[in-house]
$ cat upload10.txt   # compact mmCIF, C-alpha atoms
# COMPACT_ATOMS: atom_id res chain seq x y z
CA MET A 1 -25.17 -198.75 258.15
CA MET A 2 -22.05 -200.18 259.78
CA LYS A 3 -19.91 -199.36 256.73
CA TYR A 4 -20.34 -195.64 257.54
CA PHE A 5 -19.19 -196.09 261.13
CA ASN A 6 -16.10 -198.29 260.96
CA LEU A 7 -12.91 -196.85 262.41
CA ASN A 8 -11.10 -196.48 259.09
CA LYS A 9 -13.83 -194.30 257.61
CA ILE A 10 -14.06 -192.17 260.76
CA PHE A 11 -10.26 -191.75 260.84
CA PHE A 12 -10.06 -190.57 257.21
CA PHE A 13 -13.14 -188.37 257.69
CA PHE A 14 -11.45 -186.48 260.54
CA ILE A 15 -8.26 -186.12 258.47
CA LEU A 16 -10.45 -184.70 255.68
CA ILE A 17 -11.80 -182.06 258.06
CA PHE A 18 -8.40 -181.16 259.53
CA SER A 19 -6.76 -180.93 256.09
CA THR A 20 -9.26 -178.23 255.14
CA LEU A 21 -8.46 -176.34 258.34
CA ILE A 22 -4.72 -176.64 257.56
CA SER A 23 -5.19 -175.11 254.11
CA ILE A 24 -7.41 -172.20 255.09
CA SER A 25 -5.35 -171.29 258.17
CA SER A 26 -1.92 -171.54 256.51
CA ASN A 27 0.14 -168.38 256.08
CA SER A 28 2.02 -169.62 252.99
CA TRP A 29 1.09 -171.07 249.61
CA LEU A 30 3.15 -174.18 250.35
CA GLY A 31 1.09 -174.84 253.48
CA CYS A 32 -2.10 -174.45 251.44
CA TRP A 33 -0.80 -176.95 248.89
CA ILE A 34 0.10 -179.48 251.62
CA GLY A 35 -3.41 -179.19 253.05
CA LEU A 36 -4.89 -179.83 249.60
CA GLU A 37 -2.76 -182.96 249.16
CA ILE A 38 -3.75 -184.34 252.59
CA ASN A 39 -7.37 -183.60 251.69
CA LEU A 40 -7.05 -185.58 248.46
CA LEU A 41 -5.37 -188.57 250.09
CA SER A 42 -7.98 -188.70 252.87
CA PHE A 43 -10.98 -188.49 250.53
CA ILE A 44 -9.85 -191.33 248.22
CA PRO A 45 -10.29 -194.07 250.91
CA LEU A 46 -13.74 -192.67 251.75
CA ILE A 47 -15.04 -193.09 248.20
CA THR A 48 -13.25 -196.35 247.33
CA ASN A 49 -15.35 -199.50 247.60
CA CYS A 50 -13.82 -202.83 246.57
CA ASN A 51 -17.28 -204.35 245.95
CA ASN A 52 -18.31 -201.61 243.53
CA MET A 53 -16.43 -201.21 240.25
CA SER A 54 -17.98 -197.81 239.47
CA SER A 55 -16.82 -196.52 242.85
CA SER A 56 -13.25 -197.70 242.23
CA GLU A 57 -13.30 -196.14 238.78
CA ALA A 58 -14.62 -192.86 240.22
CA SER A 59 -11.90 -192.79 242.89
CA LEU A 60 -9.17 -193.33 240.27
CA LYS A 61 -10.57 -190.56 238.03
CA TYR A 62 -10.87 -188.22 241.01
CA PHE A 63 -7.28 -188.94 242.04
CA LEU A 64 -5.92 -188.19 238.54
CA ILE A 65 -7.89 -184.93 238.14
CA GLN A 66 -7.01 -183.63 241.60
CA THR A 67 -3.35 -184.59 241.17
CA ILE A 68 -3.12 -182.66 237.89
CA ALA A 69 -4.71 -179.64 239.56
CA SER A 70 -2.31 -179.86 242.52
CA ILE A 71 0.76 -180.15 240.24
CA ASN A 72 -0.40 -177.11 238.30
CA PHE A 73 -1.00 -175.20 241.54
CA ILE A 74 2.48 -175.80 242.98
CA PHE A 75 4.08 -175.05 239.58
CA PHE A 76 2.22 -171.74 239.28
CA ILE A 77 3.18 -170.84 242.86
CA LEU A 78 6.85 -171.27 241.91
CA LEU A 79 6.28 -169.24 238.73
CA ASN A 80 4.67 -166.51 240.79
CA ILE A 81 7.72 -166.35 243.09
CA TYR A 82 10.11 -166.30 240.11
CA PHE A 83 8.24 -163.54 238.21
CA MET A 84 7.33 -161.53 241.29
CA ASN A 85 9.15 -158.41 240.06
CA PHE A 86 7.82 -158.68 236.50
CA PHE A 87 4.45 -156.98 236.87
CA LYS A 88 3.40 -157.55 233.26
CA TYR A 89 3.13 -161.30 233.97
CA ASN A 90 1.13 -160.95 237.19
CA ASP A 91 -2.33 -161.12 235.62
CA PHE A 92 -1.41 -164.16 233.54
CA ILE A 93 -0.01 -166.08 236.54
CA THR A 94 -3.04 -165.12 238.64
CA ILE A 95 -5.35 -166.59 235.98
CA LEU A 96 -3.29 -169.80 235.92
CA MET A 97 -3.45 -170.14 239.72
CA ASN A 98 -7.19 -169.48 239.65
CA SER A 99 -7.60 -172.14 236.95
CA SER A 100 -6.02 -174.83 239.13
CA MET A 101 -8.52 -174.00 241.91
CA LEU A 102 -11.39 -174.04 239.41
CA MET A 103 -10.28 -177.51 238.30
CA LYS A 104 -10.30 -178.72 241.91
CA MET A 105 -13.86 -177.58 242.59
CA GLY A 106 -15.29 -178.72 239.22
CA SER A 107 -16.01 -175.29 237.81
CA PHE A 108 -16.22 -174.21 234.16
CA PRO A 109 -14.20 -174.90 231.96
CA PHE A 110 -12.94 -177.92 233.96
CA HIS A 111 -16.37 -179.27 234.92
CA PHE A 112 -16.47 -182.35 232.65
CA TRP A 113 -15.05 -184.72 235.28
CA TYR A 114 -17.63 -183.73 237.87
CA PRO A 115 -20.84 -185.43 236.57
CA ASN A 116 -18.92 -188.57 235.53
CA ILE A 117 -17.27 -189.10 238.88
CA ILE A 118 -20.36 -188.42 240.99
CA GLU A 119 -22.30 -191.21 239.25
CA GLY A 120 -20.02 -193.77 240.91
CA LEU A 121 -20.32 -192.39 244.46
CA SER A 122 -22.74 -193.14 247.28
CA TRP A 123 -25.14 -190.38 248.33
CA MET A 124 -23.15 -189.49 251.44
CA ASN A 125 -19.94 -189.16 249.41
CA CYS A 126 -21.87 -187.05 246.88
CA PHE A 127 -22.81 -184.73 249.72
CA ILE A 128 -19.16 -184.38 250.83
CA LEU A 129 -17.98 -183.75 247.25
CA MET A 130 -20.69 -181.13 246.58
CA THR A 131 -20.16 -179.23 249.84
CA TRP A 132 -17.07 -179.79 251.99
CA GLN A 133 -14.63 -180.36 249.11
CA LYS A 134 -15.43 -176.90 247.72
CA ILE A 135 -14.41 -174.99 250.87
CA THR A 136 -10.62 -175.03 250.44
CA PRO A 137 -10.44 -174.14 246.70
CA MET A 138 -12.99 -171.37 247.12
CA ILE A 139 -11.21 -169.74 250.06
CA LEU A 140 -7.81 -170.02 248.35
CA LEU A 141 -9.39 -168.48 245.25
CA SER A 142 -10.57 -165.51 247.31
CA TYR A 143 -6.99 -164.83 248.49
CA TYR A 144 -5.59 -164.19 245.02
CA PHE A 145 -7.85 -163.69 242.01
CA ASN A 146 -8.31 -161.87 238.74
CA PHE A 147 -11.73 -160.20 238.96
CA ASN A 148 -12.48 -159.90 235.22
CA PHE A 149 -11.50 -163.52 234.63
CA LEU A 150 -13.73 -164.70 237.49
CA ILE A 151 -16.75 -162.72 236.26
CA PHE A 152 -16.39 -164.49 232.88
CA ILE A 153 -16.16 -167.88 234.65
CA LEU A 154 -19.16 -167.13 236.89
CA ILE A 155 -21.42 -166.29 233.94
CA PHE A 156 -20.56 -169.56 232.17
CA ASN A 157 -20.90 -171.55 235.41
CA SER A 158 -24.41 -170.21 235.82
CA ILE A 159 -25.36 -170.99 232.20
CA ILE A 160 -23.83 -174.48 232.05
CA GLY A 161 -25.24 -175.45 235.45
CA ALA A 162 -28.73 -174.57 234.23
CA ILE A 163 -28.58 -175.86 230.64
CA GLY A 164 -26.72 -179.08 231.50
CA GLY A 165 -29.35 -180.33 233.94
CA ILE A 166 -32.37 -180.04 231.67
CA ASN A 167 -32.10 -183.41 229.87
CA GLN A 168 -30.78 -185.41 232.85
CA THR A 169 -32.75 -188.25 234.40
CA SER A 170 -30.20 -189.15 237.09
CA LEU A 171 -30.81 -187.30 240.35
CA ARG A 172 -27.07 -187.25 241.03
CA LYS A 173 -26.37 -185.42 237.77
CA ILE A 174 -29.27 -183.03 238.37
CA LEU A 175 -27.79 -182.11 241.77
CA VAL A 176 -24.32 -181.82 240.22
CA TYR A 177 -25.41 -179.33 237.58
CA SER A 178 -27.36 -177.51 240.27
CA SER A 179 -24.12 -177.43 242.28
CA ILE A 180 -22.25 -175.92 239.31
CA ASN A 181 -24.90 -173.22 239.04
CA ASN A 182 -24.84 -172.53 242.79
CA LEU A 183 -21.04 -172.42 242.59
CA SER A 184 -21.33 -169.20 240.58
CA TRP A 185 -23.43 -167.64 243.37
CA MET A 186 -21.05 -168.92 246.08
CA MET A 187 -17.91 -167.69 244.31
CA MET A 188 -19.49 -164.28 243.84
CA SER A 189 -20.58 -164.18 247.48
CA ILE A 190 -17.05 -164.87 248.76
CA LEU A 191 -15.76 -161.98 246.61
CA ILE A 192 -18.37 -159.71 248.24
CA SER A 193 -18.17 -160.77 251.89
CA GLU A 194 -16.93 -163.80 253.79
CA ASN A 195 -19.95 -163.69 256.12
CA LEU A 196 -22.32 -163.75 253.15
CA TRP A 197 -20.44 -166.75 251.74
CA ILE A 198 -20.72 -168.58 255.09
CA LEU A 199 -24.48 -167.90 255.17
CA TYR A 200 -24.92 -169.14 251.58
CA PHE A 201 -22.73 -172.20 252.11
CA VAL A 202 -24.46 -173.28 255.34
CA ILE A 203 -27.95 -172.94 253.82
CA TYR A 204 -26.92 -174.74 250.62
CA SER A 205 -25.21 -177.56 252.58
CA MET A 206 -28.27 -178.03 254.78
CA LEU A 207 -30.59 -178.37 251.79
CA ILE A 208 -28.24 -180.75 249.96
CA LEU A 209 -27.83 -182.82 253.15
CA PHE A 210 -31.57 -183.34 253.45
CA LEU A 211 -31.97 -184.33 249.78
CA CYS A 212 -28.99 -186.72 249.85
CA PHE A 213 -30.25 -188.27 253.09
CA MET A 214 -33.72 -188.80 251.61
CA PHE A 215 -32.41 -190.32 248.38
CA ASN A 216 -30.01 -192.55 250.31
CA PHE A 217 -32.68 -193.68 252.78
CA PHE A 218 -35.14 -194.66 250.03
CA LYS A 219 -32.47 -195.87 247.56
CA ILE A 220 -33.58 -193.41 244.84
CA ASN A 221 -31.16 -192.76 241.96
CA PHE A 222 -33.36 -191.68 239.04
CA PHE A 223 -36.27 -189.31 239.16
CA ASN A 224 -38.69 -191.75 237.49
CA GLN A 225 -38.38 -193.86 240.67
CA LEU A 226 -40.19 -191.06 242.49
CA PHE A 227 -43.30 -191.64 240.34
CA SER A 228 -43.92 -195.22 241.44
CA MET A 229 -43.21 -194.91 245.17
CA ASN A 230 -45.99 -194.98 247.73
CA MET A 231 -45.02 -191.68 249.31
CA ASN A 232 -47.17 -190.05 251.92
CA ASN A 233 -48.05 -186.37 251.67
CA ILE A 234 -45.51 -185.30 254.30
CA MET A 235 -42.64 -186.75 252.30
CA LYS A 236 -43.90 -185.23 249.04
CA MET A 237 -44.25 -181.79 250.61
CA SER A 238 -40.81 -182.08 252.24
CA LEU A 239 -39.17 -182.86 248.92
CA LEU A 240 -41.10 -180.06 247.19
CA PHE A 241 -40.18 -177.44 249.81
CA ASN A 242 -36.50 -178.35 249.77
CA PHE A 243 -36.26 -178.48 245.98
CA LEU A 244 -37.92 -175.06 245.68
CA SER A 245 -35.69 -173.70 248.42
CA LEU A 246 -32.60 -175.05 246.64
CA GLY A 247 -33.79 -173.31 243.47
CA GLY A 248 -34.08 -169.99 245.32
CA LEU A 249 -37.82 -169.42 245.12
CA PRO A 250 -39.25 -166.93 247.63
CA PRO A 251 -40.43 -167.21 250.42
CA PHE A 252 -38.16 -170.22 251.04
CA LEU A 253 -34.88 -170.04 252.94
CA GLY A 254 -32.70 -170.61 249.85
CA PHE A 255 -33.86 -167.25 248.48
CA LEU A 256 -32.35 -165.27 251.40
CA PRO A 257 -28.65 -165.26 250.37
CA LYS A 258 -29.59 -164.79 246.70
CA TRP A 259 -31.77 -161.85 247.66
CA MET A 260 -28.87 -160.25 249.55
CA MET A 261 -26.55 -160.78 246.58
CA ILE A 262 -29.06 -159.35 244.10
CA ASN A 263 -29.27 -156.20 246.25
CA PHE A 264 -25.48 -155.91 246.08
CA PHE A 265 -25.45 -156.43 242.29
CA LEU A 266 -28.01 -153.69 241.79
CA GLU A 267 -26.10 -151.29 244.04
CA LYS A 268 -22.92 -151.86 241.99
CA ASN A 269 -24.81 -151.62 238.66
CA PHE A 270 -24.10 -155.24 237.67
CA TYR A 271 -27.37 -155.42 235.73
CA PHE A 272 -26.25 -157.94 233.09
CA LEU A 273 -24.81 -160.29 235.75
CA THR A 274 -28.02 -160.03 237.77
CA PHE A 275 -30.12 -160.85 234.69
CA ILE A 276 -28.02 -163.93 233.80
CA PHE A 277 -28.01 -165.29 237.37
CA ILE A 278 -31.76 -164.84 237.87
CA MET A 279 -32.72 -166.32 234.48
CA MET A 280 -30.52 -169.37 235.00
CA SER A 281 -32.01 -169.87 238.49
CA LEU A 282 -35.42 -169.96 236.81
CA VAL A 283 -34.19 -172.75 234.52
CA LEU A 284 -33.10 -174.68 237.64
CA LEU A 285 -36.55 -174.19 239.13
CA PHE A 286 -38.03 -175.54 235.90
CA PHE A 287 -36.38 -178.94 236.17
CA TYR A 288 -36.91 -179.11 239.95
CA ILE A 289 -40.64 -178.57 239.42
CA ARG A 290 -40.60 -181.11 236.57
CA ILE A 291 -39.29 -183.71 239.04
CA MET A 292 -42.11 -183.04 241.50
CA PHE A 293 -44.86 -182.45 238.91
CA THR A 294 -45.71 -186.08 238.17
CA MET A 295 -45.49 -187.05 241.83
CA PHE A 296 -48.19 -184.54 242.74
CA LEU A 297 -50.53 -184.09 239.79
CA PHE A 298 -50.56 -187.21 237.62
CA ASN A 299 -52.34 -190.48 238.36
CA ASN A 300 -49.08 -192.32 238.75
CA PHE A 301 -49.15 -196.04 239.33
CA LYS A 302 -48.30 -197.42 242.76
CA ILE A 303 -46.67 -200.77 243.39
CA LYS A 304 -48.91 -202.61 245.86
CA TRP A 305 -46.17 -204.62 247.54
CA PHE A 306 -43.83 -201.64 247.86
CA LYS A 307 -44.58 -199.92 251.15
CA ILE A 308 -42.56 -197.16 252.77
CA ASN A 309 -42.67 -197.49 256.53
CA LEU A 310 -41.44 -194.28 258.09
CA ASN A 311 -40.57 -194.42 261.74
CA LEU A 312 -41.35 -191.45 263.96
CA LYS A 313 -37.78 -190.06 263.92
CA ILE A 314 -37.59 -189.94 260.11
CA ASN A 315 -41.05 -188.39 259.93
CA ASN A 316 -40.18 -185.70 262.48
CA MET A 317 -36.88 -184.96 260.76
CA MET A 318 -38.64 -184.40 257.41
CA MET A 319 -41.12 -182.07 259.10
CA PHE A 320 -38.25 -180.18 260.75
CA PHE A 321 -36.37 -179.63 257.46
CA SER A 322 -39.58 -178.60 255.74
CA MET A 323 -40.31 -176.01 258.41
CA ILE A 324 -36.74 -174.65 258.18
CA SER A 325 -37.05 -174.28 254.41
CA PHE A 326 -40.52 -172.76 254.53
CA LEU A 327 -40.26 -170.52 257.60
CA GLY A 328 -36.56 -169.63 257.33
CA LEU A 329 -36.94 -166.50 255.21
CA PRO A 330 -39.96 -164.97 257.04
CA LEU A 331 -38.21 -165.53 260.40
CA SER A 332 -34.93 -164.10 259.10
CA THR A 333 -36.65 -160.81 258.18
CA PHE A 334 -37.11 -160.10 261.87
CA TYR A 335 -33.35 -160.46 262.34
CA LEU A 336 -32.41 -158.34 259.31
CA PHE A 337 -34.79 -155.49 259.91
$ encode --input "upload10.txt" --output "structure tokens"
Amino acid sequence: MMKYFNLNKIFFFFILIFSTLISISSNSWLGCWIGLEINLLSFIPLITNCNNMSSSEASLKYFLIQTIASINFIFFILLNIYFMNFFKYNDFITILMNSSMLMKMGSFPFHFWYPNIIEGLSWMNCFILMTWQKITPMILLSYYFNFNFLIFILIFNSIIGAIGGINQTSLRKILVYSSINNLSWMMMSILISENLWILYFVIYSMLILFLCFMFNFFKINFFNQLFSMNMNNIMKMSLLFNFLSLGGLPPFLGFLPKWMMINFFLEKNFYFLTFIFIMMSLVLLFFYIRIMFTMFLFNNFKIKWFKINLNLKINNMMMFFSMISFLGLPLSTFYLF
């Protein structure tokens, strides 16, 4: 555990946080770009591990992708300033600026780097990449966007995030494709309301944090490892509740922001968008339930010498997250109504 608490990691972690604050609080595009560059240069030391070749390879790939996106972003900013008075080019330049942000957050059609890079990261770095690293591009995207272009991107994000995760056996890749699908919901929520986006992002981050912590604690990387582990019922139920909540199944907490967004879609007559989003969320639920199915219902073999000894703190924390996922939506109804 000491590798997570040395001074170098803590120093770069705080720079990572402050770089995001620089970008989202800047009053110029140049300030936003500087914040993005500081963010990139602070995240690379966090994911680099000299003893792990896949980690070093992932950090190099991440650096190249993010550098290309940053170069495109600053170039399109300059183009935007140059063609400011030529209104016929405005939509085209807006799409180009949006594309550089989509590349940074791993959205369609620039999502191919995302599953490859995340395979070489530790679970805690996966959590940062799937949550915190999406804040800056998403907020910058909400400042200046082409609505029709984004609707097209959101539909394909939802479809690819659902279809891509079906044949995966790696839990990292399953969570990545789930993240791509949830990205479509989050991008739509920030176009509707910033408060709704904050609610969605906090709930999603909390669920991903619990899953990444569990997989890191038990050293689980592939879902067939779940079949042969001597898990007690509390841990099985905790994983089930949080997976179902992440998929957006009522009455779990993850359904709350999706429910609010579906109400908005229906008010604005976005029936086709609502249909696509809901159907793709059902596909996500399918492969979440497939992960848990064998753990619960089959007579899976148990390794006699492999014992999981949960201390009281870990046990209580799993119970706490399960209760949040399960009781979150019923309790929130008292606040809403």
$ atom_distance --input "upload10.txt" --atom1 "atom CA of A:Ile190" --atom2 "atom CA of A:Lys61"
28.6 Å
$ closest_residue --input "upload10.txt" --among "A:Ile34, A:Ile77, A:Leu102, A:Ile220" --to "A:Ser122" --atoms "all atoms listed in the file"
A:Ile220
$ closest_residue --input "upload10.txt" --among "A:Leu183, A:Met260, A:Leu253, A:Leu150" --to "A:Ala162" --atoms "all atoms listed in the file"
A:Leu183
$ residues_near_point --input "upload10.txt" --point "(-17.4, -188.3, 238.0)" --cutoff "9 Å" --atoms "all atoms listed in the file" --output "ChimeraX atom specification"
/A:57-59,61-62,112-121
$ residues_around --input "upload10.txt" --residues "A:Leu207" --least-positions-apart "5" --cutoff "8 Å" --atoms "all atoms listed in the file" --output "number ranges by chain"
A: 242, 245-246
$ residues_around --input "upload10.txt" --residues "A:Leu285" --least-positions-apart "3" --cutoff "10 Å" --atoms "all atoms listed in the file" --output "list of chain:residue names"
A:Ala162, A:Ser178, A:Phe243, A:Leu244, A:Ser245, A:Leu246, A:Gly247, A:Gly248, A:Leu249, A:Met279, A:Met280, A:Ser281, A:Leu282, A:Tyr288, A:Ile289, A:Arg290, A:Ile291
$ closest_residue --input "upload10.txt" --among "A:Phe223, A:Phe18, A:Phe217, A:Phe210" --to "A:Gln168" --atoms "only C-alpha atoms"
A:Phe223
$ closest_residue --input "upload10.txt" --among "A:His111, A:Lys9, A:Lys258, A:Lys268" --to "A:Ser189" --atoms "all atoms listed in the file"
A:Lys258
$ closest_residue --input "upload10.txt" --among "A:Cys212, A:Thr169, A:Leu154, A:Phe75" --to "A:Thr131" --atoms "only C-alpha atoms"
A:Cys212
$ residues_around --input "upload10.txt" --residues "A:Val202" --least-positions-apart "2" --cutoff "12 Å" --atoms "only C-alpha atoms" --output "MDAnalysis selection string"
chainID A and resid 131:132 135 186 195:200 204:209 253:254 256:257
$ residues_around --input "upload10.txt" --residues "A:Gln66" --least-positions-apart "6" --cutoff "10 Å" --atoms "all atoms listed in the file" --output "mmCIF file with C-alpha atoms, keeping the file's coordinate frame"
data_model
loop_
_atom_site.group_PDB
_atom_site.id
_atom_site.type_symbol
_atom_site.label_atom_id
_atom_site.label_comp_id
_atom_site.auth_asym_id
_atom_site.auth_seq_id
_atom_site.Cartn_x
_atom_site.Cartn_y
_atom_site.Cartn_z
ATOM 1 C CA LEU A 36 -4.890 -179.830 249.600
ATOM 2 C CA GLU A 37 -2.760 -182.960 249.160
ATOM 3 C CA LEU A 40 -7.050 -185.580 248.460
ATOM 4 C CA LEU A 41 -5.370 -188.570 250.090
ATOM 5 C CA ASN A 72 -0.400 -177.110 238.300
ATOM 6 C CA SER A 100 -6.020 -174.830 239.130
ATOM 7 C CA MET A 101 -8.520 -174.000 241.910
ATOM 8 C CA MET A 103 -10.280 -177.510 238.300
ATOM 9 C CA LYS A 104 -10.300 -178.720 241.910
ATOM 10 C CA MET A 105 -13.860 -177.580 242.590
ATOM 11 C CA GLY A 106 -15.290 -178.720 239.220
#
$ atom_distance --input "upload10.txt" --atom1 "atom CA of A:Ile234" --atom2 "atom CA of A:Asn181"
28.3 Å
$ residues_around --input "upload10.txt" --residues "A:Ile17" --least-positions-apart "3" --cutoff "12 Å" --atoms "only C-alpha atoms" --output "list in words"
Ile10, Phe11, Phe12, Phe13, Phe14, Thr20, Leu21, Ile22, Ser23, Ile24, Gly35, Leu36, Ile38, Asn39, Leu40, Ser42, Phe43, Ile128, Trp132, Gln133, Ile135 and Thr136 of chain A
